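Chemist: So I've got this file, run_13.cif, and it contains mmCIF, N, CA and C atoms:
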data_my_file
loop_
_atom_site.label_atom_id
_atom_site.label_comp_id
_atom_site.auth_asym_id
_atom_site.auth_seq_id
_atom_site.Cartn_x
_atom_site.Cartn_y
_atom_site.Cartn_z
N MET A 1 0.85 -1.19 0.00
CA MET A 1 0.00 0.00 0.00
C MET A 1 0.88 1.24 0.00
N SER A 2 0.52 2.22 -0.80
CA SER A 2 1.30 3.45 -0.88
C SER A 2 0.96 4.38 0.28
N ALA A 3 1.85 5.32 0.50
CA ALA A 3 1.63 6.31 1.56
C ALA A 3 0.43 7.18 1.21
N PRO A 4 -0.30 7.65 2.21
CA PRO A 4 -1.43 8.55 1.94
C PRO A 4 -0.96 9.81 1.21
N PHE A 5 -1.83 10.35 0.37
CA PHE A 5 -1.54 11.62 -0.29
C PHE A 5 -2.21 12.72 0.53
N ILE A 6 -1.39 13.56 1.13
CA ILE A 6 -1.89 14.67 1.96
C ILE A 6 -1.53 15.97 1.25
N HIS A 7 -2.56 16.74 0.90
CA HIS A 7 -2.35 18.03 0.23
C HIS A 7 -2.53 19.16 1.24
N PRO A 8 -1.49 19.94 1.52
CA PRO A 8 -1.61 21.04 2.48
C PRO A 8 -2.19 22.29 1.81
N ILE A 9 -3.06 22.97 2.53
CA ILE A 9 -3.64 24.23 2.04
C ILE A 9 -3.45 25.29 3.12
N ASN A 10 -2.89 26.41 2.70
CA ASN A 10 -2.71 27.54 3.60
C ASN A 10 -3.99 28.37 3.60
N VAL A 11 -4.77 28.26 4.64
CA VAL A 11 -6.01 29.02 4.78
C VAL A 11 -5.63 30.43 5.24
N THR A 12 -6.13 31.44 4.55
CA THR A 12 -5.77 32.83 4.88
C THR A 12 -6.99 33.63 5.33
N TRP A 13 -6.72 34.82 5.81
CA TRP A 13 -7.79 35.73 6.24
C TRP A 13 -8.79 35.96 5.11
N GLY A 14 -8.30 36.04 3.89
CA GLY A 14 -9.17 36.27 2.73
C GLY A 14 -10.13 35.12 2.45
N ASP A 15 -9.89 33.96 3.03
CA ASP A 15 -10.78 32.81 2.87
C ASP A 15 -11.93 32.83 3.87
N CYS A 16 -11.91 33.79 4.79
CA CYS A 16 -12.83 33.77 5.92
C CYS A 16 -14.02 34.71 5.75
N ASP A 17 -15.07 34.42 6.50
CA ASP A 17 -16.26 35.26 6.54
C ASP A 17 -16.25 36.09 7.83
N PRO A 18 -17.27 36.91 8.08
CA PRO A 18 -17.27 37.74 9.29
C PRO A 18 -17.21 36.95 10.60
N ALA A 19 -17.53 35.66 10.57
CA ALA A 19 -17.46 34.85 11.79
C ALA A 19 -16.02 34.39 12.08
N ARG A 20 -15.08 34.79 11.22
CA ARG A 20 -13.65 34.47 11.36
C ARG A 20 -13.33 33.00 11.15
N ILE A 21 -14.20 32.32 10.40
CA ILE A 21 -13.93 30.95 9.99
C ILE A 21 -13.99 30.92 8.46
N ALA A 22 -13.46 29.87 7.86
CA ALA A 22 -13.47 29.79 6.40
C ALA A 22 -14.91 29.86 5.89
N TYR A 23 -15.11 30.71 4.90
CA TYR A 23 -16.39 30.86 4.24
C TYR A 23 -16.80 29.50 3.67
N THR A 24 -18.03 29.09 3.87
CA THR A 24 -18.50 27.77 3.49
C THR A 24 -18.16 27.41 2.04
N ALA A 25 -18.30 28.36 1.13
CA ALA A 25 -18.04 28.08 -0.28
C ALA A 25 -16.57 27.78 -0.56
N ARG A 26 -15.68 28.14 0.34
CA ARG A 26 -14.26 27.84 0.15
C ARG A 26 -13.94 26.37 0.39
N LEU A 27 -14.74 25.69 1.19
CA LEU A 27 -14.43 24.30 1.53
C LEU A 27 -14.46 23.37 0.32
N PRO A 28 -15.50 23.43 -0.55
CA PRO A 28 -15.42 22.61 -1.76
C PRO A 28 -14.24 23.01 -2.65
N TYR A 29 -13.93 24.30 -2.68
CA TYR A 29 -12.77 24.77 -3.44
C TYR A 29 -11.49 24.11 -2.93
N PHE A 30 -11.32 24.09 -1.62
CA PHE A 30 -10.14 23.45 -1.03
C PHE A 30 -10.10 21.96 -1.42
N ALA A 31 -11.24 21.28 -1.35
CA ALA A 31 -11.29 19.86 -1.69
C ALA A 31 -10.96 19.63 -3.16
N LEU A 32 -11.50 20.45 -4.05
CA LEU A 32 -11.21 20.29 -5.47
C LEU A 32 -9.75 20.58 -5.78
N ASP A 33 -9.16 21.53 -5.06
CA ASP A 33 -7.74 21.82 -5.20
C ASP A 33 -6.92 20.58 -4.81
N ALA A 34 -7.33 19.91 -3.75
CA ALA A 34 -6.64 18.71 -3.30
C ALA A 34 -6.79 17.57 -4.31
N ILE A 35 -7.97 17.43 -4.91
CA ILE A 35 -8.16 16.38 -5.92
C ILE A 35 -7.31 16.66 -7.15
N ASN A 36 -7.27 17.91 -7.59
CA ASN A 36 -6.41 18.26 -8.73
C ASN A 36 -4.95 17.96 -8.41
N ALA A 37 -4.53 18.26 -7.19
CA ALA A 37 -3.15 17.96 -6.77
C ALA A 37 -2.92 16.45 -6.78
N TRP A 38 -3.93 15.65 -6.41
CA TRP A 38 -3.82 14.20 -6.46
C TRP A 38 -3.56 13.74 -7.90
N TRP A 39 -4.34 14.27 -8.85
CA TRP A 39 -4.13 13.93 -10.26
C TRP A 39 -2.69 14.28 -10.67
N GLU A 40 -2.27 15.49 -10.33
CA GLU A 40 -0.92 15.94 -10.71
C GLU A 40 0.16 15.03 -10.14
N LYS A 41 0.01 14.63 -8.90
CA LYS A 41 0.99 13.77 -8.23
C LYS A 41 1.10 12.40 -8.91
N HIS A 42 -0.03 11.85 -9.29
CA HIS A 42 -0.05 10.48 -9.81
C HIS A 42 0.04 10.38 -11.33
N PHE A 43 -0.03 11.52 -12.02
CA PHE A 43 0.04 11.51 -13.49
C PHE A 43 1.09 12.50 -14.00
N ASP A 44 2.25 12.45 -13.38
CA ASP A 44 3.43 13.21 -13.85
C ASP A 44 3.15 14.70 -14.08
N GLY A 45 2.47 15.32 -13.12
CA GLY A 45 2.22 16.76 -13.19
C GLY A 45 0.99 17.15 -13.98
N GLU A 46 0.28 16.17 -14.53
CA GLU A 46 -0.92 16.48 -15.32
C GLU A 46 -2.15 16.47 -14.44
N GLY A 47 -2.78 17.63 -14.33
CA GLY A 47 -4.03 17.78 -13.59
C GLY A 47 -5.19 17.94 -14.55
N TRP A 48 -6.27 18.53 -14.05
CA TRP A 48 -7.47 18.67 -14.88
C TRP A 48 -7.23 19.45 -16.16
N PHE A 49 -6.45 20.51 -16.11
CA PHE A 49 -6.22 21.31 -17.31
C PHE A 49 -5.59 20.46 -18.42
N GLN A 50 -4.51 19.75 -18.08
CA GLN A 50 -3.83 18.93 -19.07
C GLN A 50 -4.71 17.78 -19.55
N MET A 51 -5.46 17.19 -18.62
CA MET A 51 -6.36 16.09 -19.02
C MET A 51 -7.35 16.59 -20.07
N GLU A 52 -7.94 17.74 -19.81
CA GLU A 52 -8.96 18.30 -20.69
C GLU A 52 -8.37 18.78 -22.02
N VAL A 53 -7.30 19.57 -21.94
CA VAL A 53 -6.76 20.23 -23.12
C VAL A 53 -5.83 19.32 -23.92
N ASP A 54 -4.94 18.62 -23.24
CA ASP A 54 -3.92 17.84 -23.94
C ASP A 54 -4.35 16.40 -24.24
N ARG A 55 -5.18 15.82 -23.38
CA ARG A 55 -5.56 14.40 -23.55
C ARG A 55 -7.02 14.22 -23.96
N ASN A 56 -7.78 15.32 -24.00
CA ASN A 56 -9.19 15.29 -24.39
C ASN A 56 -10.03 14.41 -23.47
N VAL A 57 -9.65 14.37 -22.19
CA VAL A 57 -10.39 13.61 -21.19
C VAL A 57 -11.00 14.59 -20.20
N GLY A 58 -12.33 14.66 -20.19
CA GLY A 58 -13.03 15.51 -19.24
C GLY A 58 -13.46 14.68 -18.03
N THR A 59 -13.62 15.36 -16.89
CA THR A 59 -14.11 14.68 -15.68
C THR A 59 -15.08 15.59 -14.95
N PRO A 60 -16.23 15.89 -15.57
CA PRO A 60 -17.21 16.74 -14.87
C PRO A 60 -17.81 16.03 -13.65
N PHE A 61 -18.10 16.81 -12.63
CA PHE A 61 -18.67 16.26 -11.40
C PHE A 61 -20.16 16.01 -11.57
N VAL A 62 -20.60 14.90 -10.99
CA VAL A 62 -22.02 14.57 -10.97
C VAL A 62 -22.56 14.49 -9.55
N ARG A 63 -21.65 14.48 -8.57
CA ARG A 63 -22.08 14.45 -7.17
C ARG A 63 -20.97 15.00 -6.28
N MET A 64 -21.37 15.83 -5.31
CA MET A 64 -20.47 16.32 -4.28
C MET A 64 -21.22 16.27 -2.96
N GLU A 65 -20.53 15.77 -1.93
CA GLU A 65 -21.14 15.69 -0.61
C GLU A 65 -20.10 16.10 0.43
N LEU A 66 -20.49 16.98 1.35
CA LEU A 66 -19.59 17.43 2.41
C LEU A 66 -20.27 17.26 3.77
N ASN A 67 -19.50 16.78 4.72
CA ASN A 67 -19.94 16.71 6.11
C ASN A 67 -19.01 17.57 6.93
N PHE A 68 -19.56 18.56 7.61
CA PHE A 68 -18.78 19.49 8.40
C PHE A 68 -18.60 18.95 9.81
N ARG A 69 -17.37 19.01 10.33
CA ARG A 69 -17.07 18.49 11.66
C ARG A 69 -16.58 19.56 12.62
N SER A 70 -15.68 20.45 12.11
CA SER A 70 -15.09 21.48 12.96
C SER A 70 -14.74 22.67 12.07
N PRO A 71 -14.82 23.90 12.58
CA PRO A 71 -14.54 25.06 11.74
C PRO A 71 -13.10 25.06 11.20
N VAL A 72 -12.96 25.55 9.98
CA VAL A 72 -11.65 25.76 9.36
C VAL A 72 -11.28 27.22 9.58
N THR A 73 -10.07 27.46 10.07
CA THR A 73 -9.61 28.82 10.33
C THR A 73 -8.21 29.01 9.75
N PRO A 74 -7.71 30.25 9.72
CA PRO A 74 -6.35 30.48 9.27
C PRO A 74 -5.29 30.08 10.31
N ARG A 75 -5.69 29.57 11.44
CA ARG A 75 -4.77 29.26 12.53
C ARG A 75 -3.78 28.14 12.20
N HIS A 76 -4.21 27.15 11.41
CA HIS A 76 -3.36 26.00 11.09
C HIS A 76 -3.50 25.64 9.61
N THR A 77 -2.51 24.94 9.08
CA THR A 77 -2.58 24.44 7.71
C THR A 77 -3.68 23.39 7.63
N LEU A 78 -4.46 23.46 6.57
CA LEU A 78 -5.50 22.46 6.32
C LEU A 78 -4.85 21.30 5.58
N MET A 79 -4.87 20.13 6.18
CA MET A 79 -4.24 18.94 5.60
C MET A 79 -5.34 18.07 4.99
N CYS A 80 -5.28 17.91 3.67
CA CYS A 80 -6.34 17.20 2.95
C CYS A 80 -5.88 15.81 2.51
N ASP A 81 -6.30 14.79 3.24
CA ASP A 81 -6.03 13.41 2.88
C ASP A 81 -6.97 13.08 1.72
N THR A 82 -6.40 12.79 0.54
CA THR A 82 -7.16 12.70 -0.70
C THR A 82 -6.88 11.37 -1.37
N PHE A 83 -7.94 10.65 -1.75
CA PHE A 83 -7.75 9.34 -2.35
C PHE A 83 -9.00 8.90 -3.09
N PRO A 84 -8.83 8.04 -4.11
CA PRO A 84 -9.99 7.48 -4.79
C PRO A 84 -10.61 6.37 -3.94
N THR A 85 -11.94 6.33 -3.92
CA THR A 85 -12.64 5.28 -3.16
C THR A 85 -13.34 4.29 -4.08
N LYS A 86 -13.56 4.69 -5.33
CA LYS A 86 -14.26 3.81 -6.27
C LYS A 86 -13.91 4.23 -7.68
N LEU A 87 -13.68 3.23 -8.52
CA LEU A 87 -13.49 3.47 -9.94
C LEU A 87 -14.47 2.57 -10.68
N GLY A 88 -15.48 3.20 -11.25
CA GLY A 88 -16.46 2.46 -12.03
C GLY A 88 -16.01 2.38 -13.48
N THR A 89 -16.89 1.90 -14.32
CA THR A 89 -16.57 1.82 -15.74
C THR A 89 -16.37 3.22 -16.31
N LYS A 90 -17.23 4.16 -15.93
CA LYS A 90 -17.19 5.51 -16.50
C LYS A 90 -17.13 6.61 -15.46
N SER A 91 -16.83 6.25 -14.20
CA SER A 91 -16.80 7.27 -13.15
C SER A 91 -15.71 6.97 -12.13
N ILE A 92 -15.38 8.00 -11.37
CA ILE A 92 -14.43 7.86 -10.27
C ILE A 92 -14.96 8.68 -9.09
N THR A 93 -14.78 8.15 -7.88
CA THR A 93 -15.17 8.86 -6.67
C THR A 93 -13.94 9.05 -5.80
N PHE A 94 -13.78 10.28 -5.32
CA PHE A 94 -12.69 10.63 -4.42
C PHE A 94 -13.24 10.96 -3.05
N ALA A 95 -12.44 10.70 -2.03
CA ALA A 95 -12.71 11.17 -0.67
C ALA A 95 -11.66 12.22 -0.34
N VAL A 96 -12.09 13.23 0.38
CA VAL A 96 -11.17 14.23 0.94
C VAL A 96 -11.54 14.38 2.41
N ASN A 97 -10.58 14.05 3.27
CA ASN A 97 -10.74 14.22 4.71
C ASN A 97 -9.78 15.33 5.12
N ALA A 98 -10.34 16.46 5.50
CA ALA A 98 -9.53 17.65 5.77
C ALA A 98 -9.46 17.92 7.27
N SER A 99 -8.25 18.12 7.76
CA SER A 99 -8.08 18.37 9.19
C SER A 99 -7.07 19.50 9.42
N GLN A 100 -7.19 20.09 10.59
CA GLN A 100 -6.25 21.11 11.05
C GLN A 100 -5.81 20.74 12.45
N ASN A 101 -4.51 20.76 12.68
CA ASN A 101 -3.98 20.46 14.01
C ASN A 101 -4.53 19.13 14.54
N ASP A 102 -4.63 18.13 13.66
CA ASP A 102 -5.12 16.79 13.98
C ASP A 102 -6.60 16.73 14.37
N VAL A 103 -7.37 17.75 14.01
CA VAL A 103 -8.81 17.76 14.25
C VAL A 103 -9.51 17.69 12.89
N LEU A 104 -10.38 16.69 12.69
CA LEU A 104 -11.11 16.55 11.44
C LEU A 104 -12.07 17.73 11.28
N CYS A 105 -11.93 18.45 10.18
CA CYS A 105 -12.77 19.63 9.92
C CYS A 105 -13.92 19.32 8.97
N PHE A 106 -13.63 18.59 7.89
CA PHE A 106 -14.70 18.17 7.01
C PHE A 106 -14.28 16.92 6.25
N GLN A 107 -15.30 16.19 5.81
CA GLN A 107 -15.13 15.00 4.99
C GLN A 107 -15.97 15.21 3.74
N GLY A 108 -15.43 14.83 2.62
CA GLY A 108 -16.17 14.99 1.38
C GLY A 108 -16.06 13.79 0.48
N SER A 109 -17.09 13.59 -0.33
CA SER A 109 -17.11 12.56 -1.36
C SER A 109 -17.45 13.26 -2.67
N PHE A 110 -16.67 12.99 -3.71
CA PHE A 110 -16.77 13.72 -4.97
C PHE A 110 -16.72 12.73 -6.13
N THR A 111 -17.78 12.68 -6.92
CA THR A 111 -17.84 11.74 -8.04
C THR A 111 -17.86 12.50 -9.36
N CYS A 112 -17.00 12.07 -10.27
CA CYS A 112 -17.00 12.63 -11.62
C CYS A 112 -17.13 11.51 -12.63
N VAL A 113 -17.54 11.87 -13.81
CA VAL A 113 -17.63 10.92 -14.91
C VAL A 113 -16.56 11.26 -15.93
N PHE A 114 -16.16 10.27 -16.69
CA PHE A 114 -15.17 10.48 -17.75
C PHE A 114 -15.90 10.82 -19.04
N THR A 115 -15.41 11.85 -19.72
CA THR A 115 -16.00 12.24 -21.00
C THR A 115 -14.90 12.43 -22.04
N ILE A 116 -15.32 12.37 -23.30
CA ILE A 116 -14.49 12.85 -24.39
C ILE A 116 -14.71 14.36 -24.36
N ALA A 117 -13.71 15.09 -23.91
CA ALA A 117 -13.89 16.49 -23.55
C ALA A 117 -14.47 17.35 -24.66
N ASP A 118 -13.93 17.26 -25.88
CA ASP A 118 -14.39 18.16 -26.94
C ASP A 118 -15.77 17.79 -27.48
N GLN A 119 -16.28 16.63 -27.07
CA GLN A 119 -17.63 16.22 -27.49
C GLN A 119 -18.61 16.20 -26.32
N PHE A 120 -18.10 16.33 -25.10
CA PHE A 120 -18.88 16.20 -23.88
C PHE A 120 -19.74 14.93 -23.96
N LYS A 121 -19.07 13.85 -24.36
CA LYS A 121 -19.71 12.55 -24.52
C LYS A 121 -19.08 11.57 -23.54
N SER A 122 -19.90 10.77 -22.91
CA SER A 122 -19.44 9.78 -21.93
C SER A 122 -18.44 8.82 -22.56
N GLN A 123 -17.44 8.43 -21.73
CA GLN A 123 -16.49 7.41 -22.16
C GLN A 123 -16.07 6.59 -20.94
N SER A 124 -15.50 5.42 -21.20
CA SER A 124 -14.94 4.61 -20.13
C SER A 124 -13.66 5.27 -19.63
N ALA A 125 -13.31 4.96 -18.39
CA ALA A 125 -12.04 5.45 -17.85
C ALA A 125 -10.91 4.94 -18.75
N PRO A 126 -10.04 5.84 -19.23
CA PRO A 126 -8.95 5.39 -20.09
C PRO A 126 -8.07 4.35 -19.37
N ASP A 127 -7.61 3.37 -20.12
CA ASP A 127 -6.82 2.27 -19.55
C ASP A 127 -5.58 2.77 -18.82
N TYR A 128 -4.88 3.77 -19.38
CA TYR A 128 -3.66 4.25 -18.73
C TYR A 128 -3.98 4.85 -17.36
N MET A 129 -5.16 5.43 -17.19
CA MET A 129 -5.57 5.98 -15.90
C MET A 129 -5.98 4.85 -14.96
N ARG A 130 -6.73 3.92 -15.48
CA ARG A 130 -7.21 2.79 -14.66
C ARG A 130 -6.04 2.05 -14.03
N ARG A 131 -4.97 1.84 -14.79
CA ARG A 131 -3.80 1.12 -14.26
C ARG A 131 -3.17 1.84 -13.07
N VAL A 132 -3.20 3.16 -13.08
CA VAL A 132 -2.62 3.93 -11.97
C VAL A 132 -3.60 4.01 -10.80
N ILE A 133 -4.88 4.22 -11.09
CA ILE A 133 -5.88 4.46 -10.06
C ILE A 133 -6.21 3.21 -9.24
N GLU A 134 -6.43 2.09 -9.90
CA GLU A 134 -6.93 0.89 -9.21
C GLU A 134 -6.13 0.50 -7.97
N PRO A 135 -4.79 0.49 -8.01
CA PRO A 135 -4.07 0.10 -6.80
C PRO A 135 -4.13 1.14 -5.67
N LEU A 136 -4.62 2.34 -5.97
CA LEU A 136 -4.66 3.42 -4.99
C LEU A 136 -6.04 3.58 -4.34
N ILE A 137 -7.00 2.76 -4.72
CA ILE A 137 -8.35 2.85 -4.14
C ILE A 137 -8.31 2.42 -2.69
N ARG A 138 -8.92 3.26 -1.83
CA ARG A 138 -9.02 2.98 -0.40
C ARG A 138 -10.49 3.09 0.00
N ALA A 139 -10.85 2.39 1.04
CA ALA A 139 -12.19 2.53 1.59
C ALA A 139 -12.29 3.88 2.31
N GLU A 140 -13.48 4.46 2.32
CA GLU A 140 -13.66 5.74 3.00
C GLU A 140 -13.55 5.58 4.49
#
Before we go any further, please render this structure as structure tokens.

Modeler:
Amino acid sequence: MSAPFIHPINVTWGDCDPARIAYTARLPYFALDAINAWWEKHFDGEGWFQMEVDRNVGTPFVRMELNFRSPVTPRHTLMCDTFPTKLGTKSITFAVNASQNDVLCFQGSFTCVFTIADQFKSQSAPDYMRRVIEPLIRAE
């Protein structure tokens, strides 16, 4: 089993709302940033941009779910444990468990489908991706 992929995010004052905690809309942004970093780490620096533009592989989201546990603040780095939990024929689901100072702040599940990007047409997960992803699937 490979080491967990932990993506650090520096939460700043600009990410916060008047309650001095991260604005709710920033949390999915942080999670998507972590998923893009996961792609980059496991595919030689290629994230969503390269997949879409250079490889013609789109991955639009069809489901996002977040469970809030503890407020996110600028006090500590947000550590996003990011991993695939399921690879279907035409979809992939990621989990993001984000914590600060060893306290779980939020958990998310994010499902996207594979498309032929320039046609926005469904396709199976490309074989070269499947070979990399399958051994990295973890239970949530």

Chemist: Record the distance separating atom N of Asn10 in chain A and atom N of Met79 in chain A, expressed in Å with one decimal.

Modeler: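 Separation between atom N of Asn10 in chain A and atom N of Met79 in chain A: 7.4 Å.
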
Chemist: Could you please determine the separation between CA of Arg131 in chain A and atom C of Ser109 in chain A in Å, to one decimal place?

Modeler: 21.6 Å

Chemist: Going by the chain IDs and residue numbers used in this file, which residues fall under the PyMOL selection byres ((chain A and resi 69) around 8)? Write them as a count of residues only.

Modeler: 11

Chemist: For Tyr128 in chain A, which residue among A:Cys80, A:Ile6, A:Met64, A:Val57 is the nearest when counting only C-alpha atoms?

Modeler: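 Among the listed residues, A:Val57 lies closest to Tyr128 in chain A.
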
Chemist: Please evaluate the PyMOL selection byres ((chain A and resi 76) around 8) against the structure above and give the resulting residues as a PyMOL selection string.

Modeler: chain A and resi 9-11+72-75+77-79+99-101

Chemist: Sorted by chain and rising residue number, list the residues of range 19-80 of chain A at most 8 Å from range 111-114 of chain A (counting only N, CA and C atoms), each with its closest atom pair and distance in Å to one decimal, as JSON lines.

Modeler:
{"residue": "A:Val57", "atom": "C", "partner": "A:Phe114", "partner_atom": "C", "distance": 6.3}
{"residue": "A:Gly58", "atom": "C", "partner": "A:Phe114", "partner_atom": "CA", "distance": 4.5}
{"residue": "A:Thr59", "atom": "CA", "partner": "A:Val113", "partner_atom": "C", "distance": 4.2}
{"residue": "A:Pro60", "atom": "C", "partner": "A:Cys112", "partner_atom": "CA", "distance": 4.0}
{"residue": "A:Phe61", "atom": "CA", "partner": "A:Cys112", "partner_atom": "CA", "distance": 4.0}
{"residue": "A:Val62", "atom": "N", "partner": "A:Thr111", "partner_atom": "C", "distance": 4.0}
{"residue": "A:Arg63", "atom": "C", "partner": "A:Thr111", "partner_atom": "N", "distance": 4.0}
{"residue": "A:Met64", "atom": "N", "partner": "A:Thr111", "partner_atom": "N", "distance": 5.0}
{"residue": "A:Glu65", "atom": "N", "partner": "A:Thr111", "partner_atom": "N", "distance": 6.5}

Chemist: On this file, the PyMOL selection byres (((chain A and resi 36-51 and name CA) around 12) and name CA) gives some set of residues; write that set as a PyMOL selection string.

Modeler: chain A and resi 2+4-9+29-35+52-61+80-84+92+94-96+110+112+114-118+126+128-136

Chemist: What does the file look like for those residues with N, CA and C atoms, as a short mmCIF file (atom, residue, chain, number, x, y, z; two decimals), in the coordinates of the input?

Modeler:
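File again.cif, as written:
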data_model
loop_
_atom_site.label_atom_id
_atom_site.label_comp_id
_atom_site.auth_asym_id
_atom_site.auth_seq_id
_atom_site.Cartn_x
_atom_site.Cartn_y
_atom_site.Cartn_z
N SER A 2 0.52 2.22 -0.80
CA SER A 2 1.30 3.45 -0.88
C SER A 2 0.96 4.38 0.28
N PRO A 4 -0.30 7.65 2.21
CA PRO A 4 -1.43 8.55 1.94
C PRO A 4 -0.96 9.81 1.21
N PHE A 5 -1.83 10.35 0.37
CA PHE A 5 -1.54 11.62 -0.29
C PHE A 5 -2.21 12.72 0.53
N ILE A 6 -1.39 13.56 1.13
CA ILE A 6 -1.89 14.67 1.96
C ILE A 6 -1.53 15.97 1.25
N HIS A 7 -2.56 16.74 0.90
CA HIS A 7 -2.35 18.03 0.23
C HIS A 7 -2.53 19.16 1.24
N PRO A 8 -1.49 19.94 1.52
CA PRO A 8 -1.61 21.04 2.48
C PRO A 8 -2.19 22.29 1.81
N ILE A 9 -3.06 22.97 2.53
CA ILE A 9 -3.64 24.23 2.04
C ILE A 9 -3.45 25.29 3.12
N TYR A 29 -13.93 24.30 -2.68
CA TYR A 29 -12.77 24.77 -3.44
C TYR A 29 -11.49 24.11 -2.93
N PHE A 30 -11.32 24.09 -1.62
CA PHE A 30 -10.14 23.45 -1.03
C PHE A 30 -10.10 21.96 -1.42
N ALA A 31 -11.24 21.28 -1.35
CA ALA A 31 -11.29 19.86 -1.69
C ALA A 31 -10.96 19.63 -3.16
N LEU A 32 -11.50 20.45 -4.05
CA LEU A 32 -11.21 20.29 -5.47
C LEU A 32 -9.75 20.58 -5.78
N ASP A 33 -9.16 21.53 -5.06
CA ASP A 33 -7.74 21.82 -5.20
C ASP A 33 -6.92 20.58 -4.81
N ALA A 34 -7.33 19.91 -3.75
CA ALA A 34 -6.64 18.71 -3.30
C ALA A 34 -6.79 17.57 -4.31
N ILE A 35 -7.97 17.43 -4.91
CA ILE A 35 -8.16 16.38 -5.92
C ILE A 35 -7.31 16.66 -7.15
N GLU A 52 -7.94 17.74 -19.81
CA GLU A 52 -8.96 18.30 -20.69
C GLU A 52 -8.37 18.78 -22.02
N VAL A 53 -7.30 19.57 -21.94
CA VAL A 53 -6.76 20.23 -23.12
C VAL A 53 -5.83 19.32 -23.92
N ASP A 54 -4.94 18.62 -23.24
CA ASP A 54 -3.92 17.84 -23.94
C ASP A 54 -4.35 16.40 -24.24
N ARG A 55 -5.18 15.82 -23.38
CA ARG A 55 -5.56 14.40 -23.55
C ARG A 55 -7.02 14.22 -23.96
N ASN A 56 -7.78 15.32 -24.00
CA ASN A 56 -9.19 15.29 -24.39
C ASN A 56 -10.03 14.41 -23.47
N VAL A 57 -9.65 14.37 -22.19
CA VAL A 57 -10.39 13.61 -21.19
C VAL A 57 -11.00 14.59 -20.20
N GLY A 58 -12.33 14.66 -20.19
CA GLY A 58 -13.03 15.51 -19.24
C GLY A 58 -13.46 14.68 -18.03
N THR A 59 -13.62 15.36 -16.89
CA THR A 59 -14.11 14.68 -15.68
C THR A 59 -15.08 15.59 -14.95
N PRO A 60 -16.23 15.89 -15.57
CA PRO A 60 -17.21 16.74 -14.87
C PRO A 60 -17.81 16.03 -13.65
N PHE A 61 -18.10 16.81 -12.63
CA PHE A 61 -18.67 16.26 -11.40
C PHE A 61 -20.16 16.01 -11.57
N CYS A 80 -5.28 17.91 3.67
CA CYS A 80 -6.34 17.20 2.95
C CYS A 80 -5.88 15.81 2.51
N ASP A 81 -6.30 14.79 3.24
CA ASP A 81 -6.03 13.41 2.88
C ASP A 81 -6.97 13.08 1.72
N THR A 82 -6.40 12.79 0.54
CA THR A 82 -7.16 12.70 -0.70
C THR A 82 -6.88 11.37 -1.37
N PHE A 83 -7.94 10.65 -1.75
CA PHE A 83 -7.75 9.34 -2.35
C PHE A 83 -9.00 8.90 -3.09
N PRO A 84 -8.83 8.04 -4.11
CA PRO A 84 -9.99 7.48 -4.79
C PRO A 84 -10.61 6.37 -3.94
N ILE A 92 -15.38 8.00 -11.37
CA ILE A 92 -14.43 7.86 -10.27
C ILE A 92 -14.96 8.68 -9.09
N PHE A 94 -13.78 10.28 -5.32
CA PHE A 94 -12.69 10.63 -4.42
C PHE A 94 -13.24 10.96 -3.05
N ALA A 95 -12.44 10.70 -2.03
CA ALA A 95 -12.71 11.17 -0.67
C ALA A 95 -11.66 12.22 -0.34
N VAL A 96 -12.09 13.23 0.38
CA VAL A 96 -11.17 14.23 0.94
C VAL A 96 -11.54 14.38 2.41
N PHE A 110 -16.67 12.99 -3.71
CA PHE A 110 -16.77 13.72 -4.97
C PHE A 110 -16.72 12.73 -6.13
N CYS A 112 -17.00 12.07 -10.27
CA CYS A 112 -17.00 12.63 -11.62
C CYS A 112 -17.13 11.51 -12.63
N PHE A 114 -16.16 10.27 -16.69
CA PHE A 114 -15.17 10.48 -17.75
C PHE A 114 -15.90 10.82 -19.04
N THR A 115 -15.41 11.85 -19.72
CA THR A 115 -16.00 12.24 -21.00
C THR A 115 -14.90 12.43 -22.04
N ILE A 116 -15.32 12.37 -23.30
CA ILE A 116 -14.49 12.85 -24.39
C ILE A 116 -14.71 14.36 -24.36
N ALA A 117 -13.71 15.09 -23.91
CA ALA A 117 -13.89 16.49 -23.55
C ALA A 117 -14.47 17.35 -24.66
N ASP A 118 -13.93 17.26 -25.88
CA ASP A 118 -14.39 18.16 -26.94
C ASP A 118 -15.77 17.79 -27.48
N PRO A 126 -10.04 5.84 -19.23
CA PRO A 126 -8.95 5.39 -20.09
C PRO A 126 -8.07 4.35 -19.37
N TYR A 128 -4.88 3.77 -19.38
CA TYR A 128 -3.66 4.25 -18.73
C TYR A 128 -3.98 4.85 -17.36
N MET A 129 -5.16 5.43 -17.19
CA MET A 129 -5.57 5.98 -15.90
C MET A 129 -5.98 4.85 -14.96
N ARG A 130 -6.73 3.92 -15.48
CA ARG A 130 -7.21 2.79 -14.66
C ARG A 130 -6.04 2.05 -14.03
N ARG A 131 -4.97 1.84 -14.79
CA ARG A 131 -3.80 1.12 -14.26
C ARG A 131 -3.17 1.84 -13.07
N VAL A 132 -3.20 3.16 -13.08
CA VAL A 132 -2.62 3.93 -11.97
C VAL A 132 -3.60 4.01 -10.80
N ILE A 133 -4.88 4.22 -11.09
CA ILE A 133 -5.88 4.46 -10.06
C ILE A 133 -6.21 3.21 -9.24
N GLU A 134 -6.43 2.09 -9.90
CA GLU A 134 -6.93 0.89 -9.21
C GLU A 134 -6.13 0.50 -7.97
N PRO A 135 -4.79 0.49 -8.01
CA PRO A 135 -4.07 0.10 -6.80
C PRO A 135 -4.13 1.14 -5.67
N LEU A 136 -4.62 2.34 -5.97
CA LEU A 136 -4.66 3.42 -4.99
C LEU A 136 -6.04 3.58 -4.34
#

Chemist: Give the strand (DSSP E) residues of range 2-120 of chain A, as assigned by DSSP on the backbone, as an MDAnalysis selection string.

Modeler: chainID A and resid 6:9 57:58 61:68 78:87 91:100 103:113 115:116

Chemist: Quick one: 6 Å padding each side, axis-aligned, all listed atoms of range 124-135 of chain A - centre and edge lengths in Å to one decimal, as lines of an AutoDock Vina configuration file?

Modeler:
center_x = -9.1
center_y = 3.0
center_z = -13.4
size_x = 24.9
size_y = 17.9
size_z = 27.5
